[in-house]
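Working notes, structure below.
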Amino acid sequence: MQIPSLELQIQTLPDNPGVYQYYDKDGKILYVGKAKNLKKRVSSYFNKIHDTRKTNVLVKKIITIKHIVVPTETDALLLENNLIKTLQPRYNVLLRDDKSYPWICIKKEPFSRIFLTRRMIKDGSEYFGPYTNFKMVYTILDLIKELYPLRTCNYDLSESNINSGKFKVCLEYHIGNCKGPCEGLEPLEEYQRQVNAIREILKGNFKESLKDFRKLMNTYAQNLQFEEAQKIKEKIEILENYQSRSTIINPKITNIDVFSIVSDESAAYVNFLQISHGSIIRSHTLEMKKKLDESDEELLELAIVELRERFQLLSKEIIVPFELDLGENIKITVPQLGDKKQILDLSIRNAKFYRIEQLKQLQIVDPDRHVNRIMAQMQKDLRLPTEPRHIECFDNSNIQGTNPVAACVVFKDGKPSKKDYRHFNVKTVVGPDDFASMTEIVYRRYKRLLDENEPLPQLIIIDGGKGQLSAALKSIDELGLRGKIAIIGIAKRLEELFYPGDSIPLYLDKKSETLKVIQQLRNEAHRFGITFHRDKRSKAALNSSVESIPGIGEKTMLTLIQHFKSVKRLKLATEKEISDVIGVSKAKKIVEFYKTN
């Protein structure tokens, strides 16, 4: 497969946070970096000469750019850390494990301690994080300390040690920061209730705890301790804004592979994330060209087997979006909620972005193929006998029955053909009758095309529901075109598509390209019709107010109306004010006319 040019690879990068990877001509990793906006950051490497020789050498070696999209900048920072440690690219500073980020630990012991640590010890304790901001960690710990008086000592508070009176309360007890569990002054159940509340705060579920904070703040305020109340208020605001966990790293999820699939008419894109010790260490997207109408299940099973063999994956559990049969030795997980669902969603997002990039590249390099794909997709989605290469859409415009007009817009190969757009003045209908107007306009349009032997469209779209569609069908039947041209109606409210003789509407996926083309047609017809209608009303209003002024033309009056905003203001204007706009001689005629009339 030929590698796209660097310019093309950069052009199709998303404007999202993520991590980018540079590879040389031999496929070796050169550099891993993070970005708030992938396209802007990567582009900056190629649009200037850099200050350091090493960076310029790096840029010359880059042949392939890969990337992983993540939800936030924090996630990008953490993922970059993991990938540099795992891949050790030549041009990156080596990040050693002793530079790891801090965690908050809930120690597995009676009367659990809660503290900051850089080391994860597998002794059954719980770890939350990692956090990229030390200020955030200290803020959380301060909040916990203020709300829940917990012990800070490292005594072994077993039941036998407490009962034997081995320990004595310290200063923390006397100043109110601890309730003295070491002397049995606080029951274990009460202490663990507080630990459970703290665990919820660290998970991000701190609704009840916030109530306690606000209660504490109000107590301070009632006791006129306003400085203390303000401190609690500031901490509440920080707590409300902090994000407790990262999607990128979760110590509870170890040695799992995640697979997701996004497909269209011609290809499927399978994304794979490898999770090791709670961290993403690899991401890869595989493109599969469809030969037959294979299902997503079949394609994903094939891709999983291929990727596990290619990357020598040995994990016993895989996360996928739907049930698969991969034998008894592999546990299949289809998550619905929680951390595993978040990671599956991240994989799906990366597959979607990869597909969008490939389609953008295809649109730039081979626009005909891009058009062919959309036409085939529309034929399938709309159940049409042929590809809708020529589509026409109709829309009526009238306000309380005045100046009824209609618009017909034409799309060829999925794009507007503006030279073929047509306006219509409704001639035979009196009053605001949209159905009769539609019947007239459709008849006039296709009667003329038939008379002039012009090509007919493959699809007609009527902006409206069943009533408008039925009105248009009368003209189609009268002209003998039923069965020769497909015709559908689109209702605005729920984007329902109506077919002749079918009372049940068709609903397309809101994100489908077919619906987007139809919506573009409908919106263009509405815009084109409204513009014509406004022009007609403005002209009619202008003519009714100025037709009797001798020596003053339409262009002059239009200039005056645009300046004075209304005929009423023009009548009240002085000769000097009018002459400043159109000159002395014409101003004199207008002033004389309004005086005598």
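Residue numbering restarts at 1 for every chain of the structure tokens, chains are lettered A, B, ... in their displayed order, and ligands are numbered from 1 as they appear.
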Distance query region 479-488 of chain A at most 9 Å, only C-alpha atoms, self and fewer than 5 positions along chain excluded, as a list in words: Leu384, Pro385, Tyr443, Tyr446, Lys447, Leu450, Leu456, Pro457, Gln458, Leu459, Ile460, Ile461, Ile462, Asp463, Leu469, Ala472, Leu473, Lys474, Leu497, Phe498, Tyr499 and Pro500 of chain A
Exercise: Ile304 (chain A) partners within 9 Å, only C-alpha atoms, chain neighbours under 5 positions left out, as a list in words: Phe259, Val270, Phe272, Leu299, Glu309 and Leu326 of chain A
For the selection you just gave me, I'd like the residues written to a file as a PDB file, in the first residue's frame, keeping N, CA, C and O atoms.
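Contents of selection_8.pdb, freshly written:
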ATOM      1  N   PHE A 259     -11.099  -4.025  21.158  1.00  0.00           N
ATOM      2  CA  PHE A 259     -11.303  -3.988  19.712  1.00  0.00           C
ATOM      3  C   PHE A 259     -12.652  -3.342  19.412  1.00  0.00           C
ATOM      4  O   PHE A 259     -13.647  -3.645  20.069  1.00  0.00           O
ATOM      5  N   VAL A 270     -11.004  -1.299  11.934  1.00  0.00           N
ATOM      6  CA  VAL A 270     -10.958  -1.955  13.248  1.00  0.00           C
ATOM      7  C   VAL A 270      -9.843  -1.307  14.060  1.00  0.00           C
ATOM      8  O   VAL A 270      -8.677  -1.317  13.649  1.00  0.00           O
ATOM      9  N   PHE A 272      -7.632  -1.112  17.613  1.00  0.00           N
ATOM     10  CA  PHE A 272      -7.173  -2.013  18.664  1.00  0.00           C
ATOM     11  C   PHE A 272      -6.378  -1.205  19.684  1.00  0.00           C
ATOM     12  O   PHE A 272      -5.501  -0.413  19.321  1.00  0.00           O
ATOM     13  N   LEU A 299     -16.257  -9.499  10.151  1.00  0.00           N
ATOM     14  CA  LEU A 299     -15.045  -8.714   9.925  1.00  0.00           C
ATOM     15  C   LEU A 299     -14.244  -8.531  11.211  1.00  0.00           C
ATOM     16  O   LEU A 299     -13.009  -8.618  11.203  1.00  0.00           O
ATOM     17  N   GLU A 309      -2.341 -12.276  16.248  1.00  0.00           N
ATOM     18  CA  GLU A 309      -1.179 -12.980  15.700  1.00  0.00           C
ATOM     19  C   GLU A 309      -0.061 -11.998  15.352  1.00  0.00           C
ATOM     20  O   GLU A 309       1.109 -12.224  15.645  1.00  0.00           O
ATOM     21  N   LEU A 326     -14.910 -16.576  19.919  1.00  0.00           N
ATOM     22  CA  LEU A 326     -13.484 -16.720  19.627  1.00  0.00           C
ATOM     23  C   LEU A 326     -12.863 -17.899  20.370  1.00  0.00           C
ATOM     24  O   LEU A 326     -11.662 -17.934  20.623  1.00  0.00           O
TER      25      LEU A 326
END
Distance query Gly583 (chain A) at most 12 Å, only C-alpha atoms, self and fewer than 6 positions along chain excluded, as a list in words: Ile552, Thr556, Thr559, Leu560, Glu575, Lys576, Glu577, Lys589 and Ile590 of chain A
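Of the residues under consideration (A:Ile10, A:Ile256, A:Ala268, A:Cys105), A:Ile256 shows the shortest atom-to-atom contact distance to Ile280 (chain A) when counting only C-alpha atoms.
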Residue neighbourhood Leu58 (chain A), 10 Å, only C-alpha atoms, exclusion window fewer than 2 positions, as a PyMOL selection string: chain A and resi 22-24+30-31+45+53-56+60-62+90-91
Atoms kept (N, CA and C atoms) for selection, written as a PDB file, in the first residue's frame:
ATOM      1  N   TYR A  22       5.752   9.832  14.978  1.00  0.00           N
ATOM      2  CA  TYR A  22       6.451   9.970  13.697  1.00  0.00           C
ATOM      3  C   TYR A  22       7.267   8.701  13.413  1.00  0.00           C
ATOM      4  N   TYR A  23       7.194   8.214  12.157  1.00  0.00           N
ATOM      5  CA  TYR A  23       7.933   7.020  11.738  1.00  0.00           C
ATOM      6  C   TYR A  23       8.799   7.352  10.522  1.00  0.00           C
ATOM      7  N   ASP A  24       9.936   6.663  10.375  1.00  0.00           N
ATOM      8  CA  ASP A  24      10.801   6.875   9.217  1.00  0.00           C
ATOM      9  C   ASP A  24      10.442   5.920   8.089  1.00  0.00           C
ATOM     10  N   LEU A  30      10.219   7.382  15.516  1.00  0.00           N
ATOM     11  CA  LEU A  30      11.178   8.467  15.703  1.00  0.00           C
ATOM     12  C   LEU A  30      10.845   9.318  16.922  1.00  0.00           C
ATOM     13  N   TYR A  31       9.547   9.630  17.068  1.00  0.00           N
ATOM     14  CA  TYR A  31       9.174  10.612  18.093  1.00  0.00           C
ATOM     15  C   TYR A  31       7.707  10.435  18.481  1.00  0.00           C
ATOM     16  N   TYR A  45       5.530  21.599  12.786  1.00  0.00           N
ATOM     17  CA  TYR A  45       6.845  21.005  12.532  1.00  0.00           C
ATOM     18  C   TYR A  45       7.323  21.269  11.110  1.00  0.00           C
ATOM     19  N   ARG A  53      19.422  21.822  15.310  1.00  0.00           N
ATOM     20  CA  ARG A  53      19.748  20.942  14.178  1.00  0.00           C
ATOM     21  C   ARG A  53      19.033  19.596  14.318  1.00  0.00           C
ATOM     22  N   LYS A  54      18.922  19.119  15.542  1.00  0.00           N
ATOM     23  CA  LYS A  54      18.320  17.803  15.774  1.00  0.00           C
ATOM     24  C   LYS A  54      16.864  17.762  15.308  1.00  0.00           C
ATOM     25  N   THR A  55      16.119  18.851  15.587  1.00  0.00           N
ATOM     26  CA  THR A  55      14.710  18.902  15.181  1.00  0.00           C
ATOM     27  C   THR A  55      14.588  18.927  13.659  1.00  0.00           C
ATOM     28  N   ASN A  56      15.480  19.687  13.012  1.00  0.00           N
ATOM     29  CA  ASN A  56      15.457  19.739  11.540  1.00  0.00           C
ATOM     30  C   ASN A  56      15.773  18.382  10.926  1.00  0.00           C
ATOM     31  N   LYS A  60      13.182  15.925   8.549  1.00  0.00           N
ATOM     32  CA  LYS A  60      13.570  15.368   7.242  1.00  0.00           C
ATOM     33  C   LYS A  60      13.345  13.860   7.169  1.00  0.00           C
ATOM     34  N   LYS A  61      13.418  13.190   8.314  1.00  0.00           N
ATOM     35  CA  LYS A  61      13.295  11.719   8.336  1.00  0.00           C
ATOM     36  C   LYS A  61      11.847  11.242   8.361  1.00  0.00           C
ATOM     37  N   ILE A  62      10.904  12.137   8.707  1.00  0.00           N
ATOM     38  CA  ILE A  62       9.512  11.706   8.911  1.00  0.00           C
ATOM     39  C   ILE A  62       8.877  11.304   7.573  1.00  0.00           C
ATOM     40  N   ARG A  90      13.712   7.388  19.434  1.00  0.00           N
ATOM     41  CA  ARG A  90      15.067   7.924  19.405  1.00  0.00           C
ATOM     42  C   ARG A  90      15.121   9.403  19.791  1.00  0.00           C
ATOM     43  N   TYR A  91      14.132  10.180  19.372  1.00  0.00           N
ATOM     44  CA  TYR A  91      14.188  11.629  19.567  1.00  0.00           C
ATOM     45  C   TYR A  91      13.431  12.118  20.800  1.00  0.00           C
TER      46      TYR A  91
END
Strand (DSSP E) call set, DSSP backbone run, region 112-150 of chain A, as a ChimeraX atom specification: /A:114-117,126-128
Keeping N, CA and C atoms, export the residues of the selection given above as a PDB file, in the first residue's frame.
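Everything below was put into result11.pdb:
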ATOM      1  N   ILE A 114      -5.424   7.284  54.304  1.00  0.00           N
ATOM      2  CA  ILE A 114      -5.548   7.796  52.930  1.00  0.00           C
ATOM      3  C   ILE A 114      -4.412   8.788  52.714  1.00  0.00           C
ATOM      4  N   PHE A 115      -3.583   8.522  51.699  1.00  0.00           N
ATOM      5  CA  PHE A 115      -2.378   9.350  51.526  1.00  0.00           C
ATOM      6  C   PHE A 115      -1.936   9.366  50.066  1.00  0.00           C
ATOM      7  N   LEU A 116      -1.019  10.300  49.757  1.00  0.00           N
ATOM      8  CA  LEU A 116      -0.434  10.430  48.418  1.00  0.00           C
ATOM      9  C   LEU A 116       0.756   9.473  48.299  1.00  0.00           C
ATOM     10  N   THR A 117       0.889   8.840  47.115  1.00  0.00           N
ATOM     11  CA  THR A 117       2.033   7.953  46.885  1.00  0.00           C
ATOM     12  C   THR A 117       2.396   7.936  45.405  1.00  0.00           C
ATOM     13  N   GLU A 126      -6.492   0.311  47.485  1.00  0.00           N
ATOM     14  CA  GLU A 126      -7.099   0.969  46.324  1.00  0.00           C
ATOM     15  C   GLU A 126      -6.291   2.204  45.953  1.00  0.00           C
ATOM     16  N   TYR A 127      -6.112   2.407  44.626  1.00  0.00           N
ATOM     17  CA  TYR A 127      -5.360   3.567  44.131  1.00  0.00           C
ATOM     18  C   TYR A 127      -6.234   4.358  43.172  1.00  0.00           C
ATOM     19  N   PHE A 128      -6.218   5.681  43.322  1.00  0.00           N
ATOM     20  CA  PHE A 128      -7.004   6.560  42.461  1.00  0.00           C
ATOM     21  C   PHE A 128      -6.068   7.559  41.782  1.00  0.00           C
TER      22      PHE A 128
END
Residues within 12 Å of Gln363 (chain A), only C-alpha atoms, excluding chain neighbours under 6 positions, as number ranges by chain: A: 8, 11-12, 356-357, 369-374
Can I get the selected residues back with all heavy atoms, as a short mmCIF file (atom, residue, chain, number, x, y, z; two decimals), in the first residue's frame?
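Produced file out20.cif, reproduced below:
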data_model
loop_
_atom_site.label_atom_id
_atom_site.label_comp_id
_atom_site.auth_asym_id
_atom_site.auth_seq_id
_atom_site.Cartn_x
_atom_site.Cartn_y
_atom_site.Cartn_z
N LEU A 8 -0.71 15.46 2.65
CA LEU A 8 -2.05 14.85 2.71
C LEU A 8 -2.33 14.29 4.10
O LEU A 8 -3.44 14.42 4.63
CB LEU A 8 -2.16 13.75 1.65
CG LEU A 8 -3.53 13.14 1.43
CD1 LEU A 8 -4.54 14.22 1.05
CD2 LEU A 8 -3.47 12.08 0.35
N GLN A 11 -3.07 17.26 6.34
CA GLN A 11 -4.33 17.91 5.95
C GLN A 11 -5.54 17.21 6.54
O GLN A 11 -6.57 17.83 6.82
CB GLN A 11 -4.41 17.91 4.42
CG GLN A 11 -5.37 18.95 3.84
CD GLN A 11 -5.27 19.00 2.33
OE1 GLN A 11 -4.34 18.47 1.73
NE2 GLN A 11 -6.24 19.62 1.71
N THR A 12 -5.42 15.90 6.76
CA THR A 12 -6.59 15.13 7.23
C THR A 12 -6.53 14.79 8.72
O THR A 12 -7.33 14.01 9.20
CB THR A 12 -6.71 13.83 6.42
OG1 THR A 12 -5.48 13.10 6.49
CG2 THR A 12 -7.04 14.12 4.97
N ILE A 356 -12.66 8.86 8.91
CA ILE A 356 -12.86 10.22 8.37
C ILE A 356 -11.61 10.68 7.63
O ILE A 356 -11.70 11.27 6.55
CB ILE A 356 -13.21 11.19 9.52
CG1 ILE A 356 -14.63 10.89 10.04
CG2 ILE A 356 -13.13 12.64 9.06
CD1 ILE A 356 -14.96 11.57 11.35
N GLU A 357 -10.43 10.39 8.19
CA GLU A 357 -9.18 10.78 7.53
C GLU A 357 -9.03 10.10 6.18
O GLU A 357 -8.65 10.73 5.19
CB GLU A 357 -7.98 10.41 8.40
CG GLU A 357 -7.80 11.32 9.60
CD GLU A 357 -7.05 10.61 10.69
OE1 GLU A 357 -6.18 9.77 10.36
OE2 GLU A 357 -7.35 10.84 11.86
N ARG A 369 -14.08 8.61 -7.10
CA ARG A 369 -14.35 7.44 -6.26
C ARG A 369 -15.17 7.83 -5.04
O ARG A 369 -16.05 7.08 -4.61
CB ARG A 369 -13.01 6.82 -5.83
CG ARG A 369 -13.16 5.48 -5.14
CD ARG A 369 -11.80 4.88 -4.86
NE ARG A 369 -11.92 3.83 -3.86
CZ ARG A 369 -10.90 3.36 -3.16
NH1 ARG A 369 -9.69 3.84 -3.37
NH2 ARG A 369 -11.06 2.42 -2.28
N HIS A 370 -14.89 9.00 -4.49
CA HIS A 370 -15.64 9.50 -3.35
C HIS A 370 -17.12 9.69 -3.72
O HIS A 370 -18.02 9.28 -2.99
CB HIS A 370 -15.03 10.83 -2.90
CG HIS A 370 -15.80 11.54 -1.82
ND1 HIS A 370 -15.83 11.10 -0.52
CD2 HIS A 370 -16.58 12.66 -1.86
CE1 HIS A 370 -16.60 11.91 0.19
NE2 HIS A 370 -17.06 12.86 -0.59
N VAL A 371 -17.37 10.30 -4.89
CA VAL A 371 -18.75 10.52 -5.36
C VAL A 371 -19.44 9.18 -5.60
O VAL A 371 -20.60 8.99 -5.22
CB VAL A 371 -18.74 11.37 -6.65
CG1 VAL A 371 -20.12 11.36 -7.31
CG2 VAL A 371 -18.33 12.80 -6.34
N ASN A 372 -18.73 8.24 -6.22
CA ASN A 372 -19.31 6.92 -6.50
C ASN A 372 -19.74 6.22 -5.21
O ASN A 372 -20.79 5.58 -5.16
CB ASN A 372 -18.31 6.04 -7.26
CG ASN A 372 -18.02 6.56 -8.65
OD1 ASN A 372 -18.80 7.36 -9.19
ND2 ASN A 372 -16.91 6.15 -9.24
N ARG A 373 -18.92 6.36 -4.17
CA ARG A 373 -19.24 5.72 -2.90
C ARG A 373 -20.52 6.33 -2.30
O ARG A 373 -21.40 5.61 -1.84
CB ARG A 373 -18.07 5.90 -1.94
CG ARG A 373 -18.24 5.24 -0.59
CD ARG A 373 -17.09 5.57 0.33
NE ARG A 373 -16.96 6.98 0.57
CZ ARG A 373 -17.74 7.68 1.39
NH1 ARG A 373 -18.72 7.07 2.05
NH2 ARG A 373 -17.57 8.96 1.56
N ILE A 374 -20.63 7.67 -2.32
CA ILE A 374 -21.82 8.32 -1.76
C ILE A 374 -23.07 7.96 -2.56
O ILE A 374 -24.13 7.70 -1.99
CB ILE A 374 -21.62 9.86 -1.72
CG1 ILE A 374 -20.58 10.21 -0.67
CG2 ILE A 374 -22.93 10.58 -1.43
CD1 ILE A 374 -20.27 11.69 -0.57
#
Sel. of helix (DSSP H, G or I) residues, region 107-332 of chain A, as a PyMOL selection string: chain A and resi 134-147+159-163+171-174+181-183+188-203+207-222+226-241+296-310
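The list of residues with at least one atom within 12 Å of Gln358 (chain A), based on only C-alpha atoms and without residues fewer than 3 positions apart in the same chain, reads Ile3, Pro4, Leu8, Gln9, Ile10, Gln11, Thr12, Leu13, Pro14, Ala267, Ala268, Tyr269, Thr285, Leu286, Glu287, Ala351, Lys352, Phe353, Tyr354, Arg355, Gln361, Leu362, Gln363, Ile364, Val365, Asp366 and His370 of chain A.
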Do a neighbour search on Ile391 (chain A) at 12 Å with only C-alpha atoms, toss out local chain neighbours closer than 2 positions, and write the hits as a PDB file with C-alpha atoms, in the first residue's frame.
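Resulting contents of selection-v1.pdb:
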ATOM      1  CA  MET A 375     -24.110   7.599  -4.729  1.00  0.00           C
ATOM      2  CA  MET A 378     -27.730   6.753  -1.206  1.00  0.00           C
ATOM      3  CA  GLN A 379     -29.131   4.173  -3.626  1.00  0.00           C
ATOM      4  CA  THR A 386     -30.630   3.498  -9.758  1.00  0.00           C
ATOM      5  CA  GLU A 387     -28.011   5.826  -8.299  1.00  0.00           C
ATOM      6  CA  PRO A 388     -29.458   9.353  -7.731  1.00  0.00           C
ATOM      7  CA  ARG A 389     -26.903  11.237  -9.840  1.00  0.00           C
ATOM      8  CA  CYS A 393     -35.847  19.382  -4.521  1.00  0.00           C
ATOM      9  CA  PHE A 394     -38.953  21.653  -4.306  1.00  0.00           C
ATOM     10  CA  CYS A 408     -36.406  24.079  -7.381  1.00  0.00           C
ATOM     11  CA  VAL A 409     -32.752  23.298  -6.593  1.00  0.00           C
ATOM     12  CA  VAL A 410     -30.689  20.724  -8.473  1.00  0.00           C
ATOM     13  CA  PHE A 411     -27.858  18.520  -7.195  1.00  0.00           C
ATOM     14  CA  LYS A 412     -25.659  16.558  -9.586  1.00  0.00           C
ATOM     15  CA  ASP A 413     -23.296  13.902  -8.207  1.00  0.00           C
ATOM     16  CA  GLY A 414     -24.165  15.010  -4.676  1.00  0.00           C
ATOM     17  CA  LYS A 415     -23.189  18.677  -5.227  1.00  0.00           C
ATOM     18  CA  PRO A 416     -25.250  21.821  -5.985  1.00  0.00           C
ATOM     19  CA  SER A 417     -25.619  22.663  -9.690  1.00  0.00           C
ATOM     20  CA  ASP A 420     -29.860  24.641 -13.003  1.00  0.00           C
ATOM     21  CA  TYR A 421     -31.733  26.227 -10.035  1.00  0.00           C
ATOM     22  CA  PRO A 455     -32.865  14.828 -19.008  1.00  0.00           C
ATOM     23  CA  LEU A 456     -35.112  13.965 -16.060  1.00  0.00           C
ATOM     24  CA  PRO A 457     -33.795  13.478 -12.505  1.00  0.00           C
ATOM     25  CA  GLN A 458     -33.482  10.057 -10.890  1.00  0.00           C
ATOM     26  CA  LEU A 459     -34.922  11.408  -7.600  1.00  0.00           C
ATOM     27  CA  ILE A 460     -37.371  14.181  -6.653  1.00  0.00           C
ATOM     28  CA  ILE A 461     -37.474  15.400  -3.029  1.00  0.00           C
ATOM     29  CA  ILE A 462     -40.526  17.326  -1.793  1.00  0.00           C
ATOM     30  CA  ILE A 485     -38.734   8.972 -11.406  1.00  0.00           C
ATOM     31  CA  ALA A 486     -38.395   8.127  -7.694  1.00  0.00           C
ATOM     32  CA  ILE A 487     -40.107  10.699  -5.457  1.00  0.00           C
ATOM     33  CA  ILE A 488     -40.011  11.118  -1.661  1.00  0.00           C
ATOM     34  CA  VAL A 517     -27.139  15.225   1.434  1.00  0.00           C
ATOM     35  CA  ILE A 518     -30.965  15.308   1.689  1.00  0.00           C
ATOM     36  CA  GLN A 520     -28.417  20.025   2.367  1.00  0.00           C
ATOM     37  CA  LEU A 521     -30.855  19.843  -0.572  1.00  0.00           C
ATOM     38  CA  ARG A 522     -33.816  20.808   1.626  1.00  0.00           C
ATOM     39  CA  ALA A 525     -34.220  24.902  -1.539  1.00  0.00           C
TER      40      ALA A 525
END
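Compared by their closest atoms to Asn16 (chain A), and using only C-alpha atoms, the residues A:Asn350, A:Glu186, A:Gln336, A:Leu157 rank with A:Asn350 nearest.
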Straight-line distance linking CA of Asp434 (chain A) with CA of His390 (chain A), stated in Å to one decimal: 25.0 Å
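CA of Lys36 (chain A) is positioned 6.7 Å from CA of Gly18 (chain A).
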